[in-house]
$ cat work.cif   # mmCIF, C-alpha atoms and all ligand atoms
data_input
#
loop_
_atom_site.label_atom_id
_atom_site.label_comp_id
_atom_site.auth_asym_id
_atom_site.auth_seq_id
_atom_site.Cartn_x
_atom_site.Cartn_y
_atom_site.Cartn_z
CA MET A 1 -9.98 -25.73 -29.20
CA THR A 2 -9.39 -22.59 -27.12
CA ALA A 3 -10.42 -19.35 -28.82
CA PRO A 4 -7.82 -16.54 -28.90
CA ALA A 5 -8.23 -14.18 -25.93
CA ARG A 6 -9.43 -11.23 -28.00
CA THR A 7 -12.54 -13.04 -29.22
CA ARG A 8 -13.63 -14.28 -25.80
CA THR A 9 -16.33 -12.55 -23.77
CA SER A 10 -15.92 -11.53 -20.13
CA ALA A 11 -18.01 -14.50 -19.02
CA GLU A 12 -15.89 -16.89 -21.11
CA LEU A 13 -12.64 -15.45 -19.77
CA ILE A 14 -13.81 -15.74 -16.17
CA LYS A 15 -14.81 -19.35 -16.80
CA ALA A 16 -11.48 -20.10 -18.53
CA GLU A 17 -9.49 -18.89 -15.51
CA LYS A 18 -11.05 -21.34 -13.11
CA PRO A 19 -9.26 -24.58 -14.02
CA VAL A 20 -5.87 -23.00 -14.69
CA LEU A 21 -5.44 -20.18 -12.14
CA ALA A 22 -4.78 -20.76 -8.44
CA HIS A 23 -7.85 -19.65 -6.51
CA ASN A 24 -6.05 -17.27 -4.17
CA TYR A 25 -8.31 -14.35 -5.17
CA HIS A 26 -12.04 -13.83 -5.54
CA PRO A 27 -12.21 -10.93 -8.02
CA LEU A 28 -15.36 -9.02 -8.86
CA PRO A 29 -16.80 -10.41 -12.11
CA VAL A 30 -15.39 -7.70 -14.37
CA VAL A 31 -12.70 -8.31 -17.00
CA VAL A 32 -10.75 -5.13 -17.65
CA ALA A 33 -9.23 -4.74 -21.08
CA ARG A 34 -8.25 -1.06 -21.29
CA ALA A 35 -7.83 1.89 -18.97
CA GLU A 36 -7.02 5.57 -18.95
CA GLY A 37 -6.90 7.99 -16.04
CA THR A 38 -9.67 7.17 -13.60
CA TRP A 39 -11.62 4.98 -16.02
CA VAL A 40 -11.35 1.33 -16.98
CA GLU A 41 -13.18 -0.46 -19.77
CA ASP A 42 -14.14 -4.13 -19.89
CA VAL A 43 -13.96 -6.57 -22.78
CA GLU A 44 -17.43 -5.56 -23.98
CA GLY A 45 -16.58 -1.86 -23.83
CA ARG A 46 -18.50 -1.05 -20.61
CA ARG A 47 -16.83 1.77 -18.68
CA TYR A 48 -16.25 1.88 -14.92
CA LEU A 49 -14.90 4.54 -12.57
CA ASP A 50 -11.98 2.99 -10.71
CA MET A 51 -12.47 3.79 -7.03
CA LEU A 52 -9.81 1.31 -5.86
CA ALA A 53 -6.78 2.34 -7.93
CA GLY A 54 -5.00 -0.99 -7.50
CA TYR A 55 -4.99 -0.60 -3.71
CA SER A 56 -3.20 2.75 -4.19
CA ALA A 57 -0.71 1.43 -6.77
CA LEU A 58 -2.46 3.69 -9.30
CA ASN A 59 -2.35 6.93 -7.31
CA PHE A 60 -1.61 8.83 -10.55
CA GLY A 61 -4.34 7.09 -12.50
CA HIS A 62 -4.01 4.52 -15.23
CA ARG A 63 -1.26 5.17 -17.77
CA HIS A 64 -0.34 8.66 -16.62
CA PRO A 65 1.28 10.19 -19.74
CA ALA A 66 4.49 11.27 -17.98
CA LEU A 67 4.96 7.81 -16.48
CA ILE A 68 4.20 6.00 -19.72
CA GLU A 69 6.64 8.24 -21.54
CA ALA A 70 9.38 7.58 -18.97
CA ALA A 71 8.76 3.83 -19.29
CA HIS A 72 8.81 3.93 -23.10
CA ARG A 73 12.01 5.95 -23.17
CA GLN A 74 13.70 3.51 -20.83
CA LEU A 75 12.37 0.44 -22.67
CA ASP A 76 14.13 1.71 -25.77
CA ARG A 77 17.45 2.00 -23.96
CA LEU A 78 18.07 -0.44 -21.09
CA THR A 79 15.76 -2.58 -18.96
CA LEU A 80 17.82 -4.80 -16.67
CA THR A 81 21.39 -5.18 -15.55
CA SER A 82 20.99 -6.92 -12.15
CA ARG A 83 23.00 -5.36 -9.37
CA ALA A 84 26.07 -7.28 -10.54
CA PHE A 85 26.72 -4.06 -12.49
CA HIS A 86 25.76 -0.45 -11.94
CA ASN A 87 23.08 1.14 -14.12
CA ASP A 88 22.88 4.79 -15.05
CA ARG A 89 19.36 5.35 -13.61
CA LEU A 90 19.71 4.11 -10.06
CA ALA A 91 21.77 6.89 -8.47
CA GLU A 92 19.25 9.60 -9.37
CA PHE A 93 16.31 7.48 -8.22
CA ALA A 94 17.94 6.87 -4.83
CA GLU A 95 19.04 10.51 -4.39
CA ARG A 96 15.62 11.86 -5.25
CA LEU A 97 13.67 9.29 -3.16
CA ALA A 98 15.86 9.92 -0.12
CA SER A 99 15.34 13.65 -0.54
CA LEU A 100 11.55 13.32 -1.06
CA THR A 101 11.18 11.32 2.16
CA GLY A 102 13.73 13.27 4.22
CA GLN A 103 15.96 10.20 4.67
CA ASP A 104 19.58 9.33 3.84
CA MET A 105 19.61 5.99 2.04
CA VAL A 106 17.49 3.71 -0.13
CA LEU A 107 17.29 -0.07 -0.48
CA PRO A 108 15.40 -0.78 -3.72
CA MET A 109 13.23 -3.89 -4.00
CA ASN A 110 10.15 -4.83 -6.05
CA THR A 111 7.01 -5.78 -4.15
CA GLY A 112 5.62 -4.43 -0.91
CA ALA A 113 6.13 -7.71 0.94
CA GLU A 114 9.81 -7.66 -0.07
CA ALA A 115 10.19 -4.16 1.35
CA VAL A 116 8.66 -5.38 4.62
CA GLU A 117 10.94 -8.45 4.71
CA SER A 118 13.90 -6.19 3.96
CA GLY A 119 12.90 -3.80 6.76
CA ILE A 120 12.71 -6.74 9.19
CA LYS A 121 16.17 -7.98 8.18
CA VAL A 122 17.69 -4.51 8.49
CA ALA A 123 16.08 -3.93 11.90
CA ARG A 124 17.38 -7.26 13.22
CA LYS A 125 20.89 -6.64 11.88
CA TRP A 126 20.86 -3.17 13.43
CA ALA A 127 19.73 -4.64 16.77
CA TYR A 128 22.67 -7.08 16.85
CA GLU A 129 25.35 -4.79 15.47
CA VAL A 130 24.42 -1.41 16.89
CA LYS A 131 22.07 -1.95 19.83
CA GLY A 132 23.89 -5.04 21.10
CA VAL A 133 20.96 -7.46 21.40
CA PRO A 134 22.31 -11.01 22.01
CA ALA A 135 22.38 -13.19 18.84
CA ASP A 136 18.99 -14.45 17.64
CA ARG A 137 17.10 -12.77 20.48
CA ALA A 138 15.80 -9.69 18.64
CA THR A 139 12.06 -9.01 18.78
CA ILE A 140 9.84 -6.81 16.64
CA VAL A 141 6.59 -5.39 17.99
CA VAL A 142 3.70 -5.28 15.52
CA ALA A 143 0.02 -4.36 15.75
CA ALA A 144 -3.06 -6.58 15.76
CA ASP A 145 -5.05 -6.48 12.51
CA ASN A 146 -1.91 -5.55 10.60
CA PHE A 147 -1.48 -6.19 6.91
CA HIS A 148 2.10 -6.21 5.64
CA GLY A 149 1.95 -8.77 2.82
CA ARG A 150 1.82 -12.50 2.21
CA THR A 151 5.23 -14.11 2.75
CA THR A 152 5.57 -16.81 5.42
CA THR A 153 7.36 -14.53 7.88
CA ILE A 154 4.79 -11.76 7.41
CA VAL A 155 1.67 -13.92 7.70
CA GLY A 156 3.24 -15.46 10.81
CA PHE A 157 2.58 -12.21 12.69
CA SER A 158 -0.83 -11.57 11.14
CA THR A 159 -3.90 -11.87 13.39
CA ASP A 160 -6.10 -12.82 10.43
CA GLU A 161 -6.67 -16.58 10.58
CA THR A 162 -7.44 -16.77 6.85
CA ALA A 163 -4.03 -15.30 6.09
CA ARG A 164 -2.18 -17.60 8.55
CA SER A 165 -3.99 -20.87 8.84
CA GLY A 166 -2.25 -23.75 7.10
CA PHE A 167 1.01 -21.89 6.46
CA GLY A 168 2.98 -22.56 9.65
CA PRO A 169 5.47 -23.08 11.19
CA PHE A 170 6.15 -19.39 11.50
CA THR A 171 9.19 -17.22 12.14
CA PRO A 172 9.58 -16.41 15.85
CA GLY A 173 10.52 -12.99 17.24
CA PHE A 174 7.32 -10.97 16.89
CA ARG A 175 5.09 -9.53 19.62
CA ILE A 176 1.59 -8.42 18.78
CA VAL A 177 -0.10 -5.54 20.61
CA PRO A 178 -3.43 -3.79 19.97
CA TYR A 179 -3.19 -0.97 17.40
CA ASN A 180 -3.62 2.60 18.61
CA ASP A 181 -2.68 1.64 22.20
CA LEU A 182 0.49 3.31 23.43
CA LYS A 183 0.35 1.71 26.88
CA ALA A 184 0.28 -1.80 25.42
CA LEU A 185 3.10 -0.85 23.08
CA GLU A 186 5.22 0.49 25.91
CA ALA A 187 4.67 -2.72 27.91
CA ALA A 188 5.75 -4.89 24.97
CA ILE A 189 9.05 -3.09 24.35
CA ASP A 190 12.11 -4.36 26.21
CA GLU A 191 15.87 -4.59 25.74
CA THR A 192 15.45 -7.20 22.98
CA THR A 193 13.22 -4.94 20.87
CA ALA A 194 14.77 -4.12 17.52
CA ALA A 195 11.80 -2.24 16.13
CA VAL A 196 8.15 -1.34 16.22
CA LEU A 197 6.60 -2.02 12.82
CA ILE A 198 3.21 -0.46 12.11
CA GLU A 199 1.06 0.98 9.36
CA PRO A 200 0.41 4.70 10.06
CA ILE A 201 -3.13 3.95 8.88
CA GLN A 202 -4.23 0.32 8.72
CA GLY A 203 -5.48 -0.13 5.16
CA GLU A 204 -6.58 -3.72 4.82
CA ALA A 205 -8.14 -3.65 8.31
CA GLY A 206 -10.65 -1.08 6.97
CA VAL A 207 -8.71 2.22 6.80
CA ILE A 208 -8.24 2.44 10.56
CA VAL A 209 -6.97 5.92 11.39
CA PRO A 210 -5.30 6.01 14.83
CA ASP A 211 -6.01 8.74 17.36
CA ASP A 212 -4.16 12.03 17.00
CA GLY A 213 -0.90 11.70 18.85
CA TYR A 214 -0.49 7.94 18.36
CA LEU A 215 2.23 8.17 15.71
CA ALA A 216 4.07 10.88 17.64
CA GLY A 217 3.70 8.65 20.71
CA VAL A 218 5.21 5.67 18.86
CA ARG A 219 8.10 7.89 17.80
CA GLU A 220 8.67 9.06 21.36
CA LEU A 221 8.44 5.57 22.89
CA THR A 222 10.83 4.04 20.36
CA ARG A 223 13.28 6.90 20.76
CA ARG A 224 13.27 6.52 24.56
CA ALA A 225 13.60 2.73 24.38
CA GLY A 226 16.40 2.86 21.81
CA CYS A 227 14.59 0.82 19.17
CA LEU A 228 13.59 1.62 15.61
CA PHE A 229 10.27 2.95 14.35
CA VAL A 230 9.52 1.25 11.03
CA ALA A 231 6.52 2.77 9.22
CA ASP A 232 4.86 0.67 6.52
CA GLU A 233 3.70 3.40 4.12
CA ILE A 234 3.24 0.99 1.24
CA GLN A 235 -0.45 1.87 0.99
CA SER A 236 -0.67 5.10 2.99
CA GLY A 237 2.31 6.81 1.39
CA LEU A 238 3.00 8.77 -1.79
CA GLY A 239 0.16 11.26 -1.72
CA ARG A 240 -2.83 9.14 -0.71
CA THR A 241 -3.61 10.91 2.58
CA GLY A 242 -2.91 14.46 1.42
CA ARG A 243 0.77 14.36 2.37
CA THR A 244 3.72 12.60 0.77
CA LEU A 245 3.82 10.27 3.80
CA ALA A 246 1.00 9.70 6.30
CA VAL A 247 3.43 10.13 9.24
CA GLU A 248 3.83 13.78 8.17
CA HIS A 249 0.37 14.51 9.59
CA GLU A 250 2.03 14.25 13.00
CA GLY A 251 5.41 15.65 11.98
CA VAL A 252 7.02 12.27 12.63
CA VAL A 253 10.19 10.95 10.97
CA PRO A 254 10.53 7.15 11.37
CA ASP A 255 13.90 5.39 11.26
CA LEU A 256 12.80 3.27 8.30
CA VAL A 257 9.94 3.88 5.88
CA LEU A 258 8.64 1.09 3.64
CA LEU A 259 7.30 2.17 0.25
CA GLY A 260 5.80 0.28 -2.67
CA LYS A 261 2.65 0.28 -4.78
CA ALA A 262 2.45 3.83 -6.25
CA LEU A 263 6.25 4.01 -6.44
CA GLY A 264 5.97 1.92 -9.60
CA GLY A 265 3.35 4.22 -11.13
CA GLY A 266 1.05 1.24 -11.79
CA ILE A 267 3.51 0.09 -14.46
CA VAL A 268 6.21 -1.97 -12.77
CA PRO A 269 6.55 -3.33 -9.24
CA VAL A 270 8.87 -0.97 -7.37
CA SER A 271 9.36 -0.93 -3.62
CA ALA A 272 11.99 0.46 -1.30
CA VAL A 273 13.14 0.76 2.26
CA VAL A 274 14.31 4.30 2.97
CA GLY A 275 16.05 5.23 6.16
CA ARG A 276 18.81 6.75 8.16
CA ARG A 277 22.42 5.93 7.28
CA GLU A 278 23.14 4.50 10.78
CA VAL A 279 20.39 1.94 10.17
CA LEU A 280 20.35 1.04 6.45
CA GLY A 281 24.14 1.26 6.48
CA VAL A 282 24.35 -2.06 8.39
CA LEU A 283 23.90 -4.07 5.19
CA ARG A 284 27.04 -5.26 3.44
CA PRO A 285 27.59 -6.97 0.08
CA GLY A 286 26.03 -10.41 -0.13
CA GLU A 287 23.71 -9.99 2.84
CA HIS A 288 20.58 -8.97 0.95
CA GLY A 289 19.41 -8.34 -2.59
CA SER A 290 17.08 -9.03 -5.48
CA THR A 291 17.77 -9.67 -9.16
CA PHE A 292 15.20 -7.10 -10.22
CA GLY A 293 15.50 -4.62 -7.33
CA GLY A 294 16.81 -1.29 -8.58
CA ASN A 295 16.57 -2.23 -12.26
CA PRO A 296 16.82 0.70 -14.68
CA LEU A 297 13.22 0.44 -15.88
CA SER A 298 11.94 0.58 -12.28
CA ALA A 299 14.35 3.39 -11.45
CA ALA A 300 13.20 5.40 -14.50
CA VAL A 301 9.51 4.98 -13.68
CA GLY A 302 10.14 5.57 -9.96
CA THR A 303 12.01 8.77 -10.76
CA ALA A 304 9.10 9.95 -12.92
CA VAL A 305 6.77 9.20 -9.97
CA ILE A 306 9.00 11.36 -7.76
CA ASP A 307 8.81 14.15 -10.41
CA LEU A 308 5.02 14.09 -10.02
CA LEU A 309 5.11 14.02 -6.22
CA GLU A 310 7.63 16.86 -6.05
CA THR A 311 5.08 19.20 -7.61
CA GLY A 312 2.87 18.74 -4.53
CA GLU A 313 -0.15 18.74 -6.83
CA PHE A 314 -1.28 15.21 -5.98
CA GLN A 315 -0.93 15.71 -2.23
CA ARG A 316 -3.00 18.92 -2.54
CA ARG A 317 -5.68 17.19 -4.62
CA ALA A 318 -5.92 14.34 -2.11
CA ALA A 319 -6.31 16.82 0.74
CA ARG A 320 -8.88 19.00 -1.06
CA LEU A 321 -10.96 16.16 -2.51
CA GLY A 322 -10.60 14.33 0.79
CA THR A 323 -12.81 17.00 2.36
CA VAL A 324 -15.44 16.39 -0.37
CA LEU A 325 -15.25 12.64 0.29
CA ARG A 326 -15.66 13.20 4.02
CA GLU A 327 -18.63 15.57 3.56
CA GLU A 328 -20.42 13.20 1.20
CA LEU A 329 -19.83 10.20 3.47
CA THR A 330 -21.00 12.17 6.50
CA GLY A 331 -24.25 12.77 4.60
CA LEU A 332 -24.70 9.02 4.14
CA VAL A 333 -24.31 8.14 7.81
CA GLY A 334 -27.68 6.83 9.01
CA ARG A 335 -28.72 6.29 5.39
CA GLY A 336 -27.10 2.92 4.84
CA VAL A 337 -23.70 3.84 6.22
CA VAL A 338 -23.15 3.07 9.89
CA GLY A 339 -19.72 4.66 10.13
CA PHE A 340 -16.61 5.55 8.18
CA ARG A 341 -13.00 6.56 8.61
CA SER A 342 -11.09 8.64 6.11
CA ARG A 343 -7.92 10.58 5.54
CA GLY A 344 -7.26 12.31 2.25
CA LEU A 345 -8.66 10.33 -0.67
CA TRP A 346 -8.93 7.13 1.30
CA ALA A 347 -11.92 5.82 3.22
CA GLY A 348 -13.20 2.68 4.89
CA VAL A 349 -16.99 2.73 4.84
CA ASP A 350 -19.01 0.45 7.12
CA VAL A 351 -22.29 -0.38 5.42
CA ASP A 352 -25.34 -1.45 7.44
CA PRO A 353 -25.05 -5.28 7.34
CA ALA A 354 -28.83 -5.44 6.81
CA ILE A 355 -28.27 -3.89 3.36
CA GLY A 356 -25.60 -6.35 2.31
CA THR A 357 -22.09 -7.62 2.78
CA GLY A 358 -19.20 -5.56 1.48
CA ARG A 359 -18.97 -7.99 -1.41
CA GLU A 360 -22.65 -7.57 -2.32
CA ILE A 361 -22.38 -3.77 -2.17
CA SER A 362 -19.25 -3.94 -4.35
CA GLU A 363 -21.08 -6.07 -6.92
CA ARG A 364 -24.06 -3.68 -6.96
CA LEU A 365 -21.72 -0.73 -7.39
CA MET A 366 -19.99 -2.56 -10.24
CA ARG A 367 -23.34 -2.82 -12.01
CA GLU A 368 -23.63 0.99 -11.57
CA GLY A 369 -20.22 1.40 -13.23
CA VAL A 370 -18.13 1.98 -10.10
CA LEU A 371 -15.36 -0.38 -8.96
CA VAL A 372 -14.57 -0.70 -5.25
CA LYS A 373 -13.30 -3.52 -3.05
CA ASP A 374 -14.75 -4.89 0.12
CA THR A 375 -12.73 -5.79 3.17
CA HIS A 376 -13.81 -7.56 6.35
CA GLY A 377 -17.60 -7.97 6.74
CA SER A 378 -19.62 -5.03 5.51
CA THR A 379 -16.78 -2.57 4.95
CA ILE A 380 -15.85 -1.20 1.56
CA ARG A 381 -12.70 0.70 0.73
CA LEU A 382 -12.57 3.81 -1.41
CA ALA A 383 -9.18 4.85 -2.77
CA PRO A 384 -9.63 6.48 -6.19
CA PRO A 385 -6.73 7.69 -8.30
CA LEU A 386 -5.60 11.09 -6.98
CA THR A 387 -6.30 12.42 -10.48
CA ILE A 388 -10.06 11.96 -10.02
CA THR A 389 -12.13 15.10 -10.64
CA GLU A 390 -14.58 16.43 -8.10
CA ASP A 391 -17.47 15.59 -10.45
CA GLU A 392 -16.27 12.01 -10.84
CA LEU A 393 -15.89 11.66 -7.08
CA ARG A 394 -19.38 13.05 -6.44
CA SER A 395 -20.82 10.79 -9.11
CA ALA A 396 -19.22 7.69 -7.53
CA LEU A 397 -20.68 8.68 -4.16
CA ALA A 398 -24.07 9.28 -5.78
CA SER A 399 -23.89 5.71 -7.08
CA LEU A 400 -23.10 4.52 -3.55
CA GLU A 401 -26.09 6.47 -2.24
CA LYS A 402 -28.29 4.87 -4.91
CA VAL A 403 -27.07 1.35 -4.12
CA LEU A 404 -27.60 1.88 -0.38
CA ALA A 405 -31.12 3.22 -0.93
CA ALA A 406 -32.21 0.40 -3.28
C1 LIG A 501 0.51 -1.71 4.23
C2 LIG A 501 0.90 -2.77 3.25
N1 LIG A 501 2.09 -3.36 3.36
C3 LIG A 501 2.50 -4.29 2.50
C4 LIG A 501 1.69 -4.72 1.47
C5 LIG A 501 2.15 -5.81 0.53
O1 LIG A 501 2.44 -5.31 -0.74
P1 LIG A 501 2.55 -6.30 -1.99
O2 LIG A 501 1.19 -6.80 -2.28
O3 LIG A 501 3.11 -5.44 -3.10
O4 LIG A 501 3.50 -7.38 -1.59
C6 LIG A 501 0.43 -4.14 1.32
C7 LIG A 501 -0.48 -4.58 0.23
O5 LIG A 501 -1.66 -4.34 0.23
C8 LIG A 501 0.02 -3.14 2.24
O6 LIG A 501 -1.18 -2.56 2.15
#
$ encode --input "work.cif" --output "structure tokens" --more "lines below"
Ligand SMILES: Cc1ncc(COP(=O)(O)O)c(C=O)c1O
Amino acid sequence: MTAPARTRTSAELIKAEKPVLAHNYHPLPVVVARAEGTWVEDVEGRRYLDMLAGYSALNFGHRHPALIEAAHRQLDRLTLTSRAFHNDRLAEFAERLASLTGQDMVLPMNTGAEAVESGIKVARKWAYEVKGVPADRATIVVAADNFHGRTTTIVGFSTDETARSGFGPFTPGFRIVPYNDLKALEAAIDETTAAVLIEPIQGEAGVIVPDDGYLAGVRELTRRAGCLFVADEIQSGLGRTGRTLAVEHEGVVPDLVLLGKALGGGIVPVSAVVGRREVLGVLRPGEHGSTFGGNPLSAAVGTAVIDLLETGEFQRRAARLGTVLREELTGLVGRGVVGFRSRGLWAGVDVDPAIGTGREISERLMREGVLVKDTHGSTIRLAPPLTITEDELRSALASLEKVLAA
């Protein structure tokens, strides 16, 4: 007989998952049962500092009181209508999100991958209807080492064999160029190009920050070529880098911005495509949608997220604590760290492979009470909630120093 979940230990729960859960993840061996702010607690009551924040879905920490209150209030009133009817929360969410991002219109969806798929559909439709690309000939230029999600179309233009292999045949119409290379980008754009789709900072690839001028260069190239600049800010956006959007560091306004993760406050999946009216306006009834996209619970939580971002407090914290993160990591270079890249409260740290793989370092940090996630090889990612205190941040980095020195 299977024991009820509450009486099972972490080890028992991990074992119980194996036969019944698809093995599409390889989580660290920690079973989280409760969380508040920057801290999570496992089944046995051990506490850990969360230095991953749900890949930036928890930018405001776990269970931020204002977000929880907004969710509770909405749960007591109305949760879902579908877009067959209007709901009384959606207009304000769209108005405020458009205003926060300096755009005109919003297409609400749920997950990040859906926002990317939606951006691709909109860009293609725009290419046929506005730019005049012949039917079914539109191309989209993307960057090598991209990560935009896991649907079949999206993995089709991934350069990561683990993500792609075994999932073909893939959707045609994508051209892949090296990231951070304006010449290669320029050469790939032609009269069939609907859009250039890139991450302003490549998260999954190891927090790859492009050279200064790259994003402004992409904007200039796309403007000259008459194609769209679509910025995937699903991980980089909403405060993480010290600005509301990472493209703001170069004063760039893309034609479409893809948002997700933190937009749902770590409570519900909320994503969106935001953009100019000439572009998002190409969609007409019946051409795109989602049963849950724009539901009143998501709109209420998303609006409460916008309330937080409008204060500017989280962007300022990310910028200020980002300098602490950078200083501390600089001090570790040559002492177990071979290099790092960071912007705001977000860093990719390359650990000396002789010390361990990213996975091994993550497991050692877990035993020190700090949760991080590895990415390719010996790189670990740091992306704590933007609510982290300076002391907490320094203590997490002290744990990293200890693990590297051991
Ligand atoms: C830049 C970027 N785009 C898209 C996605 C996909 O988001 P989701 O996992 O919500 O589908 C991610 C997820 O990590 C991401 O980092």
$ residues_around --input "work.cif" --residues "Asp42 in chain A" --least-positions-apart "3" --cutoff "9 Å" --atoms "only C-alpha atoms" --output "PyMOL selection string"
chain A and resi 10+30-35+45-48
$ residues_around --input "work.cif" --residues "Ala299 in chain A" --least-positions-apart "5" --cutoff "9 Å" --atoms "all atoms listed in the file" --output "PyMOL selection string"
chain A and resi 89-94+108+264+270+294+304
$ write_last_selection --input "work.cif" --atoms "C-alpha atoms" --output "PDB file, in the frame of the given file"
ATOM      1  CA  ARG A  89      19.360   5.350 -13.610  1.00  0.00           C
ATOM      2  CA  LEU A  90      19.710   4.110 -10.060  1.00  0.00           C
ATOM      3  CA  ALA A  91      21.770   6.890  -8.470  1.00  0.00           C
ATOM      4  CA  GLU A  92      19.250   9.600  -9.370  1.00  0.00           C
ATOM      5  CA  PHE A  93      16.310   7.480  -8.220  1.00  0.00           C
ATOM      6  CA  ALA A  94      17.940   6.870  -4.830  1.00  0.00           C
ATOM      7  CA  PRO A 108      15.400  -0.780  -3.720  1.00  0.00           C
ATOM      8  CA  GLY A 264       5.970   1.920  -9.600  1.00  0.00           C
ATOM      9  CA  VAL A 270       8.870  -0.970  -7.370  1.00  0.00           C
ATOM     10  CA  GLY A 294      16.810  -1.290  -8.580  1.00  0.00           C
ATOM     11  CA  ALA A 304       9.100   9.950 -12.920  1.00  0.00           C
TER      12      ALA A 304
END
$ residues_near_ligand --input "work.cif" --ligand "ligand LIG 501 (chain A)" --cutoff "6 Å" --atoms "all atoms listed in the file" --output "PDB file with C-alpha atoms, in the frame of the given file"
ATOM      1  CA  THR A 111       7.010  -5.780  -4.150  1.00  0.00           C
ATOM      2  CA  GLY A 112       5.620  -4.430  -0.910  1.00  0.00           C
ATOM      3  CA  ALA A 113       6.130  -7.710   0.940  1.00  0.00           C
ATOM      4  CA  PHE A 147      -1.480  -6.190   6.910  1.00  0.00           C
ATOM      5  CA  HIS A 148       2.100  -6.210   5.640  1.00  0.00           C
ATOM      6  CA  GLY A 149       1.950  -8.770   2.820  1.00  0.00           C
ATOM      7  CA  GLU A 199       1.060   0.980   9.360  1.00  0.00           C
ATOM      8  CA  GLY A 203      -5.480  -0.130   5.160  1.00  0.00           C
ATOM      9  CA  ASP A 232       4.860   0.670   6.520  1.00  0.00           C
ATOM     10  CA  ILE A 234       3.240   0.990   1.240  1.00  0.00           C
ATOM     11  CA  GLN A 235      -0.450   1.870   0.990  1.00  0.00           C
ATOM     12  CA  LYS A 261       2.650   0.280  -4.780  1.00  0.00           C
TER      13      LYS A 261
END
$ residues_around --input "work.cif" --residues "Thr151 in chain A" --least-positions-apart "2" --cutoff "10 Å" --atoms "all atoms listed in the file" --output "JSON, numbers by chain"
{"A": [113, 114, 116, 117, 148, 149, 153, 154, 155, 156, 163, 167]}
$ residues_near_point --input "work.cif" --point "(-6.1, 16.5, 1.1)" --cutoff "12 Å" --atoms "only C-alpha atoms" --output "MDAnalysis selection string"
chainID A and resid 239:244 246 249 312:326 342:346 386
$ residues_around --input "work.cif" --residues "Arg224 in chain A" --least-positions-apart "5" --cutoff "12 Å" --atoms "all atoms listed in the file" --output "list in words"
Glu186, Ile189, Asp190, Glu191, Gly217, Val218, Arg219 and Phe229 of chain A
$ residues_around --input "work.cif" --residues "Arg175 in chain A" --least-positions-apart "3" --cutoff "7 Å" --atoms "all atoms listed in the file" --output "PyMOL selection string"
chain A and resi 140-142
$ axis_aligned_box --input "work.cif" --around "range 122-125 of chain A" --padding-each-side "8 Å" --output "lines of an AutoDock Vina configuration file"
center_x = 18.5
center_y = -5.6
center_z = 10.9
size_x = 20.8
size_y = 19.3
size_z = 20.7
$ atom_distance --input "work.cif" --atom1 "CA of Asp307 in chain A" --atom2 "CA of Val274 in chain A"
17.5 Å
$ atom_distance --input "work.cif" --atom1 "CA of Leu228 in chain A" --atom2 "CA of Pro134 in chain A"
16.6 Å
$ atom_distance --input "work.cif" --atom1 "CA of Leu382 in chain A" --atom2 "CA of Ala57 in chain A"
13.2 Å
$ closest_residue --input "work.cif" --among "A:Ile198, A:Ala144, A:Ile361, A:Ile14" --to "Lys402 in chain A" --atoms "all atoms listed in the file"
A:Ile361
$ residues_near_point --input "work.cif" --point "(21.5, 3.2, 12.7)" --cutoff "10 Å" --atoms "only C-alpha atoms" --output "MDAnalysis selection string"
chainID A and resid 122:123 125:127 129:131 227:228 255:256 275:282
$ closest_residue --input "work.cif" --among "A:Phe170, A:Phe157, A:Tyr128, A:Phe340" --to "Val209 in chain A" --atoms "only C-alpha atoms"
A:Phe340
$ closest_residue --input "work.cif" --among "A:Tyr55, A:Tyr25, A:Phe85, A:Trp39" --to "Gly260 in chain A" --atoms "all atoms listed in the file"
A:Tyr55
$ closest_residue --input "work.cif" --among "A:Val301, A:Thr9, A:Ala138, A:Gly251" --to "His64 in chain A" --atoms "all atoms listed in the file"
A:Val301
$ closest_residue --input "work.cif" --among "A:Ser290, A:Ser362, A:Asn87, A:Ser158" --to "Leu107 in chain A" --atoms "all atoms listed in the file"
A:Ser290
$ closest_residue --input "work.cif" --among "A:Asn180, A:Thr81, A:Ser271, A:Asn59" --to "Pro210 in chain A" --atoms "all atoms listed in the file"
A:Asn180
$ build_atoms --input "work.cif" --residues "range 292-298 of chain A" --atoms "N, CA and C atoms" --output "compact mmCIF listing (two decimals), keeping the file's coordinate frame"
# COMPACT_ATOMS: atom_id res chain seq x y z
N PHE A 292 15.88 -8.20 -9.54
CA PHE A 292 15.20 -7.10 -10.22
C PHE A 292 15.21 -5.79 -9.44
N GLY A 293 15.54 -5.84 -8.15
CA GLY A 293 15.50 -4.62 -7.33
C GLY A 293 16.46 -3.57 -7.87
N GLY A 294 15.96 -2.37 -8.09
CA GLY A 294 16.81 -1.29 -8.58
C GLY A 294 17.11 -1.37 -10.06
N ASN A 295 16.30 -2.14 -10.81
CA ASN A 295 16.57 -2.23 -12.26
C ASN A 295 16.28 -0.89 -12.93
N PRO A 296 16.94 -0.64 -14.07
CA PRO A 296 16.82 0.70 -14.68
C PRO A 296 15.41 1.09 -15.12
N LEU A 297 14.59 0.10 -15.50
CA LEU A 297 13.22 0.44 -15.88
C LEU A 297 12.45 0.91 -14.63
N SER A 298 12.59 0.18 -13.54
CA SER A 298 11.94 0.58 -12.28
C SER A 298 12.45 1.93 -11.81
